[in-house]
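Have a look at my_file-v2.cif below; it lists mmCIF, C-alpha atoms.
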data_protein
loop_
_atom_site.label_atom_id
_atom_site.label_comp_id
_atom_site.auth_asym_id
_atom_site.auth_seq_id
_atom_site.Cartn_x
_atom_site.Cartn_y
_atom_site.Cartn_z
CA MET A 1 -10.43 17.03 -5.13
CA PRO A 2 -7.35 15.10 -4.04
CA ARG A 3 -5.93 12.09 -5.83
CA TYR A 4 -4.76 8.90 -4.17
CA ALA A 5 -1.69 6.70 -4.60
CA GLN A 6 -0.21 3.50 -3.21
CA LEU A 7 3.54 2.99 -3.52
CA VAL A 8 3.78 -0.81 -3.70
CA MET A 9 7.24 -1.62 -2.36
CA GLY A 10 9.16 -4.62 -1.11
CA PRO A 11 12.07 -6.94 -1.90
CA ALA A 12 12.27 -8.76 -5.21
CA GLY A 13 9.88 -11.72 -5.26
CA SER A 14 7.68 -10.42 -2.46
CA GLY A 15 4.59 -10.42 -4.71
CA LYS A 16 4.21 -6.76 -5.73
CA SER A 17 2.81 -7.43 -9.21
CA THR A 18 0.53 -10.17 -7.85
CA TYR A 19 -0.72 -7.74 -5.21
CA CYS A 20 -1.53 -5.16 -7.91
CA SER A 21 -3.27 -7.77 -10.03
CA THR A 22 -5.36 -8.97 -7.07
CA LEU A 23 -6.37 -5.43 -6.12
CA ILE A 24 -7.39 -4.65 -9.71
CA GLN A 25 -9.66 -7.72 -9.75
CA HIS A 26 -11.08 -6.85 -6.33
CA ALA A 27 -11.76 -3.26 -7.42
CA GLU A 28 -13.63 -4.47 -10.49
CA ALA A 29 -15.74 -6.77 -8.29
CA ILE A 30 -16.79 -3.87 -6.03
CA ASN A 31 -17.26 -1.44 -8.95
CA ARG A 32 -14.34 0.80 -8.04
CA SER A 33 -11.81 2.44 -10.38
CA VAL A 34 -8.15 1.60 -9.70
CA GLN A 35 -5.24 2.11 -12.14
CA VAL A 36 -1.67 0.75 -12.14
CA VAL A 37 1.55 2.50 -13.14
CA ASN A 38 4.62 0.29 -13.70
CA LEU A 39 7.79 1.87 -12.29
CA ASP A 40 10.01 -1.21 -12.71
CA PRO A 41 12.25 -0.73 -15.77
CA ALA A 42 13.23 -4.41 -15.57
CA ALA A 43 9.67 -5.80 -15.54
CA GLU A 44 8.87 -8.42 -18.16
CA HIS A 45 5.10 -8.85 -18.23
CA PHE A 46 1.86 -8.23 -16.28
CA ASP A 47 -1.58 -9.79 -16.46
CA TYR A 48 -3.34 -6.42 -16.15
CA PRO A 49 -3.41 -3.19 -18.19
CA VAL A 50 -1.16 -0.36 -17.04
CA MET A 51 -1.93 3.35 -17.13
CA ALA A 52 1.74 4.19 -17.73
CA ASP A 53 4.91 2.11 -18.13
CA ILE A 54 8.38 3.39 -17.28
CA ARG A 55 9.79 1.10 -19.99
CA GLU A 56 8.40 3.56 -22.52
CA LEU A 57 10.87 6.06 -21.02
CA ILE A 58 13.86 3.83 -20.30
CA MET A 59 14.65 0.10 -19.99
CA VAL A 60 17.32 -1.70 -17.98
CA ASP A 61 18.31 -3.85 -20.98
CA ASP A 62 19.07 -0.76 -23.07
CA VAL A 63 21.21 0.70 -20.27
CA MET A 64 23.15 -2.55 -19.81
CA GLU A 65 23.81 -2.83 -23.56
CA ASP A 66 25.21 0.72 -23.72
CA GLU A 67 29.01 0.23 -23.98
CA SER A 68 29.70 3.72 -22.65
CA LEU A 69 27.92 2.95 -19.36
CA ARG A 70 28.79 -0.72 -18.75
CA PHE A 71 26.34 -1.18 -15.90
CA GLY A 72 25.28 -4.51 -14.44
CA PRO A 73 21.65 -5.30 -13.52
CA ASN A 74 21.61 -3.41 -10.20
CA GLY A 75 23.62 -0.43 -11.42
CA GLY A 76 21.49 -0.29 -14.55
CA LEU A 77 18.28 -0.21 -12.53
CA VAL A 78 19.55 2.57 -10.26
CA PHE A 79 20.60 4.55 -13.36
CA CYS A 80 17.10 4.08 -14.82
CA MET A 81 15.42 5.33 -11.65
CA GLU A 82 17.71 8.37 -11.44
CA TYR A 83 16.93 9.12 -15.09
CA PHE A 84 13.25 8.78 -14.24
CA ALA A 85 13.65 11.25 -11.35
CA ASN A 86 15.02 13.79 -13.80
CA ASN A 87 12.05 13.29 -16.12
CA PHE A 88 8.99 13.53 -13.88
CA ASP A 89 7.32 15.56 -16.62
CA TRP A 90 6.89 12.26 -18.51
CA LEU A 91 4.98 10.83 -15.54
CA GLU A 92 2.86 13.97 -15.17
CA GLU A 93 1.87 13.78 -18.83
CA SER A 94 1.08 10.05 -18.54
CA LEU A 95 -1.08 10.50 -15.44
CA GLY A 96 -3.11 13.38 -16.83
CA HIS A 97 -5.24 15.51 -14.51
CA VAL A 98 -8.26 13.38 -13.67
CA GLU A 99 -9.68 14.11 -10.20
CA ASP A 100 -10.23 11.34 -7.68
CA ASP A 101 -7.65 9.07 -9.33
CA TYR A 102 -6.63 5.99 -7.34
CA ILE A 103 -3.31 4.67 -8.65
CA LEU A 104 -1.05 1.77 -7.64
CA PHE A 105 2.62 2.45 -8.39
CA ASP A 106 4.31 -0.93 -8.88
CA CYS A 107 7.88 -0.16 -7.77
CA PRO A 108 11.18 -2.03 -8.33
CA GLY A 109 12.44 -4.58 -5.82
CA GLN A 110 15.90 -3.12 -5.10
CA ILE A 111 15.79 -2.35 -1.39
CA GLU A 112 18.38 0.43 -1.60
CA LEU A 113 15.83 2.58 -3.43
CA TYR A 114 13.83 2.81 -0.18
CA THR A 115 16.66 2.99 2.34
CA HIS A 116 19.40 5.43 1.30
CA LEU A 117 18.87 6.55 -2.31
CA PRO A 118 16.75 9.72 -2.75
CA VAL A 119 14.78 8.64 -5.84
CA MET A 120 11.62 7.33 -4.14
CA ARG A 121 11.58 10.23 -1.68
CA GLN A 122 11.72 12.62 -4.65
CA LEU A 123 8.82 10.72 -6.26
CA VAL A 124 6.72 11.03 -3.09
CA GLU A 125 7.37 14.77 -2.87
CA GLN A 126 6.47 15.21 -6.55
CA LEU A 127 3.22 13.24 -6.18
CA GLN A 128 2.29 15.35 -3.16
CA GLN A 129 2.84 18.50 -5.22
CA TRP A 130 0.37 17.04 -7.73
CA GLU A 131 -2.16 16.76 -4.85
CA PHE A 132 -1.80 13.02 -4.36
CA ARG A 133 -2.32 11.52 -0.92
CA VAL A 134 0.35 8.84 -0.82
CA CYS A 135 0.47 5.61 1.22
CA GLY A 136 3.39 3.22 1.24
CA VAL A 137 2.52 -0.48 1.02
CA PHE A 138 5.53 -2.56 2.03
CA LEU A 139 5.28 -6.25 1.15
CA VAL A 140 7.23 -9.13 2.67
CA ASP A 141 6.91 -12.78 1.65
CA SER A 142 5.26 -14.68 4.54
CA GLN A 143 7.26 -17.80 3.60
CA PHE A 144 10.39 -15.83 4.50
CA MET A 145 9.03 -14.64 7.86
CA VAL A 146 8.45 -17.94 9.63
CA GLU A 147 11.68 -17.67 11.65
CA THR A 148 12.27 -15.04 14.31
CA PHE A 149 15.51 -13.56 12.99
CA LYS A 150 14.21 -13.42 9.43
CA PHE A 151 11.15 -11.71 10.82
CA ILE A 152 13.30 -9.08 12.58
CA SER A 153 15.21 -8.56 9.32
CA GLY A 154 11.93 -8.00 7.46
CA ILE A 155 10.75 -5.54 10.11
CA MET A 156 13.98 -3.54 9.84
CA ALA A 157 13.61 -3.33 6.05
CA ALA A 158 10.04 -2.07 6.45
CA LEU A 159 11.11 0.39 9.14
CA SER A 160 13.90 1.76 6.92
CA ALA A 161 11.38 2.49 4.16
CA MET A 162 8.98 4.15 6.63
CA VAL A 163 11.70 6.41 8.05
CA SER A 164 13.12 7.28 4.62
CA LEU A 165 9.84 8.15 2.88
CA GLU A 166 7.97 9.69 5.85
CA ILE A 167 4.52 8.69 4.59
CA PRO A 168 1.76 6.53 6.11
CA THR A 169 2.77 2.91 5.56
CA VAL A 170 0.85 -0.36 5.71
CA ASN A 171 3.04 -3.45 6.03
CA ILE A 172 1.73 -6.68 4.51
CA MET A 173 2.68 -10.35 4.65
CA THR A 174 1.97 -11.74 1.20
CA LYS A 175 1.48 -15.28 -0.15
CA MET A 176 -0.45 -16.46 2.91
CA ASP A 177 -2.38 -18.77 0.57
CA LEU A 178 0.86 -20.68 -0.15
CA LEU A 179 1.57 -21.56 3.48
CA SER A 180 0.81 -24.98 4.92
CA PRO A 181 -1.77 -25.16 7.75
CA LYS A 182 1.07 -25.67 10.22
CA ALA A 183 2.98 -22.64 8.91
CA LYS A 184 -0.17 -20.50 8.99
CA LYS A 185 -0.65 -21.32 12.65
CA GLU A 186 3.00 -20.63 13.35
CA ILE A 187 2.98 -17.25 11.61
CA GLU A 188 0.04 -15.90 13.63
CA LYS A 189 2.44 -14.88 16.40
CA TYR A 190 4.31 -12.65 13.94
CA LEU A 191 1.21 -10.65 12.97
CA ASP A 192 0.94 -9.17 16.47
CA PRO A 193 4.33 -10.07 17.92
CA ASP A 194 5.61 -9.92 21.48
CA MET A 195 9.24 -9.18 20.66
CA TYR A 196 10.58 -9.83 24.16
CA SER A 197 8.98 -13.28 24.28
CA MET A 198 10.35 -14.09 20.84
CA MET A 199 13.78 -12.97 22.01
CA GLU A 200 13.63 -15.27 25.04
CA ASP A 201 12.47 -18.21 22.90
CA ASN A 202 15.56 -17.84 20.70
CA SER A 203 18.09 -16.83 23.32
CA VAL A 204 19.88 -20.20 23.08
CA THR A 205 20.75 -19.68 19.40
CA ILE A 206 22.48 -16.32 20.08
CA ARG A 207 25.95 -17.24 21.29
CA SER A 208 27.58 -13.81 21.19
CA LYS A 209 26.74 -11.58 24.16
CA LYS A 210 27.43 -8.50 22.03
CA PHE A 211 24.90 -9.45 19.35
CA LYS A 212 22.43 -10.65 21.96
CA LYS A 213 22.48 -7.16 23.50
CA LEU A 214 22.04 -5.54 20.06
CA THR A 215 19.16 -7.85 19.13
CA LYS A 216 17.47 -7.13 22.46
CA ALA A 217 17.77 -3.38 21.83
CA ILE A 218 16.21 -3.76 18.36
CA CYS A 219 13.38 -5.89 19.76
CA GLY A 220 12.78 -3.30 22.47
CA LEU A 221 12.58 -0.49 19.90
CA ILE A 222 10.03 -2.41 17.84
CA ASP A 223 7.95 -3.57 20.81
CA ASP A 224 7.95 -0.43 22.94
CA TYR A 225 6.86 1.93 20.17
CA SER A 226 4.67 -0.52 18.18
CA MET A 227 6.26 0.89 15.05
CA VAL A 228 5.70 -2.03 12.67
CA ARG A 229 2.75 -4.40 12.37
CA PHE A 230 1.83 -6.69 9.49
CA LEU A 231 -1.49 -7.52 7.86
CA PRO A 232 -1.95 -10.96 6.25
CA PHE A 233 -2.68 -10.99 2.51
CA ASP A 234 -4.29 -14.08 0.98
CA ARG A 235 -5.22 -13.47 -2.66
CA THR A 236 -8.03 -16.04 -2.42
CA ASP A 237 -9.70 -14.37 0.58
CA GLU A 238 -11.96 -11.49 -0.53
CA GLU A 239 -12.73 -10.44 3.04
CA GLY A 240 -9.03 -10.28 3.91
CA ILE A 241 -8.30 -8.24 0.77
CA ASN A 242 -11.06 -5.82 1.73
CA ILE A 243 -9.62 -5.41 5.24
CA VAL A 244 -6.20 -4.55 3.79
CA LEU A 245 -7.77 -2.03 1.41
CA GLN A 246 -9.74 -0.44 4.26
CA HIS A 247 -6.54 0.09 6.27
CA ILE A 248 -4.88 1.78 3.29
CA ASP A 249 -7.95 3.89 2.46
CA PHE A 250 -8.15 5.06 6.07
CA SER A 251 -4.48 6.11 6.10
CA ILE A 252 -4.96 8.38 3.04
CA GLN A 253 -8.55 9.40 3.96
CA TYR A 254 -9.98 7.97 0.76
CA GLY A 255 -13.69 8.64 0.36
CA GLU A 256 -13.93 11.54 2.79
CA ASP A 257 -14.23 14.05 -0.06
CA LEU A 258 -16.68 12.04 -2.16
CA GLU A 259 -20.09 13.58 -2.66
CA PHE A 260 -22.84 12.18 -0.48
CA LYS A 261 -25.66 10.54 -2.45
CA GLU A 262 -29.21 10.43 -1.12
CA PRO A 263 -30.58 6.87 -0.94
CA LYS A 264 -33.29 6.12 -3.48
CA GLU A 265 -36.84 5.95 -2.22
CA PRO A 266 -38.32 2.44 -2.46
CA ASP A 267 -41.00 1.95 -5.10
CA GLU A 268 -43.12 -0.30 -2.90
CA GLU A 269 -45.18 0.82 0.08
CA PRO A 270 -43.34 0.36 3.39
CA ASP A 271 -44.13 -2.72 5.40
CA ASN A 272 -46.22 -1.58 8.40
CA THR A 273 -46.39 -4.96 10.07
CA ASN A 274 -46.45 -4.63 13.84
CA TYR A 275 -43.75 -7.11 14.84
CA ASP A 276 -44.20 -6.33 18.53
CA ASP A 277 -47.75 -7.75 18.39
CA PHE A 278 -46.47 -10.79 16.50
CA PHE A 279 -43.89 -11.67 19.14
CA GLN A 280 -46.39 -10.92 21.92
CA ASP A 281 -48.84 -13.43 20.39
CA LYS A 282 -46.05 -16.00 20.25
CA GLU A 283 -45.30 -15.55 23.94
CA ASP A 284 -49.02 -15.91 24.84
#
As structure tokens - that is how I would like this structure written.
Amino acid sequence: MPRYAQLVMGPAGSGKSTYCSTLIQHAEAINRSVQVVNLDPAAEHFDYPVMADIRELIMVDDVMEDESLRFGPNGGLVFCMEYFANNFDWLEESLGHVEDDYILFDCPGQIELYTHLPVMRQLVEQLQQWEFRVCGVFLVDSQFMVETFKFISGIMAALSAMVSLEIPTVNIMTKMDLLSPKAKKEIEKYLDPDMYSMMEDNSVTIRSKKFKKLTKAICGLIDDYSMVRFLPFDRTDEEGINIVLQHIDFSIQYGEDLEFKEPKEPDEEPDNTNYDDFFQDKED
């Protein structure tokens, strides 16, 4: 049987660890098994147990303290991820070989890992060799997306990750529960956006004709091909969490290979009440 994986991606502070924590709690509530693997060598703490932790392999602090390397925070993190890519056998041993696994990979927040560095692409290919069906989950902070040009920037980041990794991707606006009622109403237009209308609404603020033409071309690419859409994620809304999970499950065909179970026969005799006669008597 196949195994299933979510690559939880997004800029730093977009709510990746909170997303994982919320999904773990939701899975427990619906009696479903979900595990988390931490792939952030700079992570400090989580409020959930992890199946495997990259910090057992390598830590950013250790790399930065090495006088022969002399890396800063970003360079140290990239070094850690490249070291990780050369030691996938550690991950294979940590994951084991349990069938029907469903694992959330909590990834680092450095955007270059998903745009032009090969590390995450190599991870995807390795997981697929281990018979994982992989879905990318790209998170963007909804508080950042309340302005049109910030929204376009967020879309381009999500699109870069989709093109680079070449896997099914679900894009999510996080922290919806932190928005004010006014901001929630305002952000609705970004969940199913009309890019041309948004462009016209902000045409006054674009003074350069050159950049106006470029922005229009980007908006046209997004709108014409419907390449990026966002789902809202409110950690306090169980129904909304379930909708997000259903989208992800559908993209990786989760559940299609599960064995069908016959429903149990009821212990009590079936109710043979003739409801047609009941309603007929009411009408008379």
Practice task
Would you mind reading off the distance between atom CA of Val60 of chain A and atom CA of Phe88 of chain A, one decimal, in Å?
Solution key: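 These atoms are spaced 17.8 Å apart.
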Practice task
Could you please determine the separation between atom CA of Cys20 of chain A and atom CA of Met176 of chain A in Å, to one decimal place?
Solution key: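 We find that atom CA of Cys20 of chain A and atom CA of Met176 of chain A lie 15.7 Å from each other.
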Practice task
With the file shown as input, list the residues that the PyMOL selection byres ((chain A and resi 25-31) around 10) selects, as an MDAnalysis selection string.
Solution key: chainID A and resid 20:24 32:35 48 235 238 241:242 245
Problem - d(atom CA of Ile58 of chain A, atom CA of Ser164 of chain A) in Å - result: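 Spanning atom CA of Ile58 of chain A to atom CA of Ser164 of chain A is a straight-line distance of 25.2 Å.
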Problem - Counting all atoms listed in the file, the option among A:Arg229, A:Lys189, A:Lys175, A:Lys216 closest to Ser14 of chain A - result: A:Lys175
Exercise for the section: Just the residues within 9 Å of Phe132 of chain A, please, counting all atoms listed in the file, with nothing from its chain fewer than 2 positions along; format it as a list in words. Expected result: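 Once the nearby chain positions are removed, what remains is Pro2, Arg3, Tyr4, Ala5, Asp101, Val124, Gln126, Leu127, Gln128, Gln129, Trp130 and Val134 of chain A.
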So which residues fall inside 12 Å of (14.1, 13.1, -12.9) if we count all atoms listed in the file? Mind giving them as an mmCIF file with C-alpha atoms, keeping the file's coordinate frame?
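And here is the file that came out, result.cif:
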data_model
loop_
_atom_site.group_PDB
_atom_site.id
_atom_site.type_symbol
_atom_site.label_atom_id
_atom_site.label_comp_id
_atom_site.auth_asym_id
_atom_site.auth_seq_id
_atom_site.Cartn_x
_atom_site.Cartn_y
_atom_site.Cartn_z
ATOM 1 C CA LEU A 57 10.870 6.060 -21.020
ATOM 2 C CA ILE A 58 13.860 3.830 -20.300
ATOM 3 C CA PHE A 79 20.600 4.550 -13.360
ATOM 4 C CA CYS A 80 17.100 4.080 -14.820
ATOM 5 C CA MET A 81 15.420 5.330 -11.650
ATOM 6 C CA GLU A 82 17.710 8.370 -11.440
ATOM 7 C CA TYR A 83 16.930 9.120 -15.090
ATOM 8 C CA PHE A 84 13.250 8.780 -14.240
ATOM 9 C CA ALA A 85 13.650 11.250 -11.350
ATOM 10 C CA ASN A 86 15.020 13.790 -13.800
ATOM 11 C CA ASN A 87 12.050 13.290 -16.120
ATOM 12 C CA PHE A 88 8.990 13.530 -13.880
ATOM 13 C CA ASP A 89 7.320 15.560 -16.620
ATOM 14 C CA TRP A 90 6.890 12.260 -18.510
ATOM 15 C CA LEU A 91 4.980 10.830 -15.540
ATOM 16 C CA GLU A 92 2.860 13.970 -15.170
ATOM 17 C CA PRO A 118 16.750 9.720 -2.750
ATOM 18 C CA VAL A 119 14.780 8.640 -5.840
ATOM 19 C CA MET A 120 11.620 7.330 -4.140
ATOM 20 C CA ARG A 121 11.580 10.230 -1.680
ATOM 21 C CA GLN A 122 11.720 12.620 -4.650
ATOM 22 C CA LEU A 123 8.820 10.720 -6.260
ATOM 23 C CA GLN A 126 6.470 15.210 -6.550
#
Exercise for the section: Kindly indicate which residue among A:Gln253, A:Ser208, A:Gln110, A:Gln6 lies nearest to Ala157 of chain A, using only C-alpha atoms for the distances. Expected result: A:Gln110
Practice task
Convert the output of the PyMOL selection byres ((chain A and resi 234) around 12) on the shown file into explicit residues, formatted as number ranges by chain.
Solution key: A: 15, 18-19, 22-23, 141-142, 172-179, 184, 231-233, 235-244
Handout entry: Counting all atoms listed in the file, the option among A:Gly220, A:Gly13, A:Pro49, A:Pro41 closest to Asn74 of chain A
Key =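 Looking at the shortest contact to Asn74 of chain A, the residue is A:Pro41.
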Long-range neighbours of Asp66 of chain A as a PDB file with C-alpha atoms, in the coordinates of the input, 10 Å cut-off, all atoms listed in the file, 5 positions minimum in chain:
ATOM      1  CA  ASP A  61      18.310  -3.850 -20.980  1.00  0.00           C
ATOM      2  CA  PHE A  71      26.340  -1.180 -15.900  1.00  0.00           C
ATOM      3  CA  GLY A  76      21.490  -0.290 -14.550  1.00  0.00           C
TER       4      GLY A  76
END
Completion exercise
Residue with the minimum atom-to-atom distance to Leu165 of chain A, picked from A:Lys150, A:His116, A:Arg133, A:Lys209 with all atoms listed in the file counted, is A:His116
Problem - Surrounding residues of Met51 of chain A excluding itself and chain neighbours under 5 positions, 10 Å, only C-alpha atoms, as a ChimeraX atom specification - result: /A:34-38,94-95,103-105
Practice task
Measuring atom to atom with all atoms listed in the file, identify which of A:Asp223, A:Gln246, A:Ala12, A:Ala42 is nearest to Pro73 of chain A.
Solution key: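 Among the listed residues, A:Ala42 lies closest to Pro73 of chain A.
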Restrict the output to segment 12-37 of chain A and N, CA, C and O atoms, then write it as a CSV table (one decimal), in the first residue's frame.
chain,number,residue,atom,x,y,z
A,12,ALA,N,9.0,32.1,6.6
A,12,ALA,CA,9.1,32.1,8.1
A,12,ALA,C,8.0,32.9,8.7
A,12,ALA,O,7.6,34.0,8.2
A,13,GLY,N,7.4,32.3,9.8
A,13,GLY,CA,6.3,33.0,10.5
A,13,GLY,C,4.9,32.8,9.8
A,13,GLY,O,3.9,33.5,10.2
A,14,SER,N,4.8,32.0,8.8
A,14,SER,CA,3.5,31.8,8.2
A,14,SER,C,2.6,30.8,8.9
A,14,SER,O,1.4,30.6,8.5
A,15,GLY,N,3.1,30.2,10.0
A,15,GLY,CA,2.3,29.3,10.8
A,15,GLY,C,2.4,27.8,10.5
A,15,GLY,O,1.4,27.1,10.7
A,16,LYS,N,3.6,27.4,10.0
A,16,LYS,CA,3.7,26.0,9.6
A,16,LYS,C,3.6,25.0,10.8
A,16,LYS,O,2.9,24.0,10.8
A,17,SER,N,4.3,25.4,11.9
A,17,SER,CA,4.2,24.5,13.1
A,17,SER,C,2.8,24.5,13.7
A,17,SER,O,2.3,23.5,14.2
A,18,THR,N,2.2,25.7,13.7
A,18,THR,CA,0.8,25.8,14.2
A,18,THR,C,-0.1,24.9,13.4
A,18,THR,O,-1.1,24.3,13.9
A,19,TYR,N,0.1,25.0,12.1
A,19,TYR,CA,-0.7,24.1,11.2
A,19,TYR,C,-0.6,22.7,11.5
A,19,TYR,O,-1.6,21.9,11.6
A,20,CYS,N,0.7,22.2,11.7
A,20,CYS,CA,0.9,20.8,12.1
A,20,CYS,C,0.3,20.4,13.4
A,20,CYS,O,-0.4,19.4,13.5
A,21,SER,N,0.4,21.3,14.3
A,21,SER,CA,-0.2,21.1,15.7
A,21,SER,C,-1.7,21.0,15.5
A,21,SER,O,-2.4,20.1,16.1
A,22,THR,N,-2.4,21.9,14.8
A,22,THR,CA,-3.8,21.9,14.6
A,22,THR,C,-4.3,20.6,13.9
A,22,THR,O,-5.3,20.0,14.3
A,23,LEU,N,-3.5,20.1,12.9
A,23,LEU,CA,-3.9,18.9,12.2
A,23,LEU,C,-3.8,17.7,13.0
A,23,LEU,O,-4.6,16.8,12.9
A,24,ILE,N,-2.7,17.7,13.9
A,24,ILE,CA,-2.6,16.6,14.8
A,24,ILE,C,-3.8,16.5,15.8
A,24,ILE,O,-4.3,15.4,16.0
A,25,GLN,N,-4.2,17.6,16.3
A,25,GLN,CA,-5.4,17.6,17.2
A,25,GLN,C,-6.6,17.2,16.5
A,25,GLN,O,-7.5,16.4,17.0
A,26,HIS,N,-6.8,17.7,15.2
A,26,HIS,CA,-8.0,17.3,14.4
A,26,HIS,C,-8.0,15.8,14.1
A,26,HIS,O,-9.0,15.2,14.2
A,27,ALA,N,-6.8,15.3,13.8
A,27,ALA,CA,-6.7,13.9,13.5
A,27,ALA,C,-7.1,13.0,14.7
A,27,ALA,O,-7.8,12.0,14.6
A,28,GLU,N,-6.6,13.4,15.9
A,28,GLU,CA,-7.0,12.7,17.1
A,28,GLU,C,-8.5,12.7,17.3
A,28,GLU,O,-9.1,11.7,17.7
A,29,ALA,N,-9.1,13.9,17.0
A,29,ALA,CA,-10.6,14.0,17.2
A,29,ALA,C,-11.4,13.1,16.3
A,29,ALA,O,-12.4,12.6,16.7
A,30,ILE,N,-10.8,12.8,15.1
A,30,ILE,CA,-11.6,12.0,14.1
A,30,ILE,C,-11.0,10.6,14.1
A,30,ILE,O,-11.3,9.8,13.2
A,31,ASN,N,-10.2,10.3,15.1
A,31,ASN,CA,-9.6,8.9,15.2
A,31,ASN,C,-8.8,8.5,14.0
A,31,ASN,O,-9.0,7.4,13.4
A,32,ARG,N,-7.9,9.4,13.6
A,32,ARG,CA,-7.0,9.1,12.4
A,32,ARG,C,-5.6,9.3,12.8
A,32,ARG,O,-5.2,10.2,13.6
A,33,SER,N,-4.7,8.5,12.3
A,33,SER,CA,-3.3,8.5,12.6
A,33,SER,C,-2.5,9.4,11.7
A,33,SER,O,-2.5,9.2,10.5
A,34,VAL,N,-1.9,10.5,12.3
A,34,VAL,CA,-1.0,11.4,11.5
A,34,VAL,C,0.2,11.6,12.4
A,34,VAL,O,0.2,11.9,13.6
A,35,GLN,N,1.4,11.6,11.7
A,35,GLN,CA,2.7,11.8,12.3
A,35,GLN,C,3.3,13.1,11.8
A,35,GLN,O,3.0,13.5,10.7
A,36,VAL,N,4.3,13.6,12.5
A,36,VAL,CA,5.0,14.8,12.1
A,36,VAL,C,6.5,14.5,12.1
A,36,VAL,O,7.0,13.9,13.0
A,37,VAL,N,7.2,15.0,11.1
A,37,VAL,CA,8.7,14.9,11.0
A,37,VAL,C,9.2,16.4,10.9
A,37,VAL,O,8.7,17.1,10.1
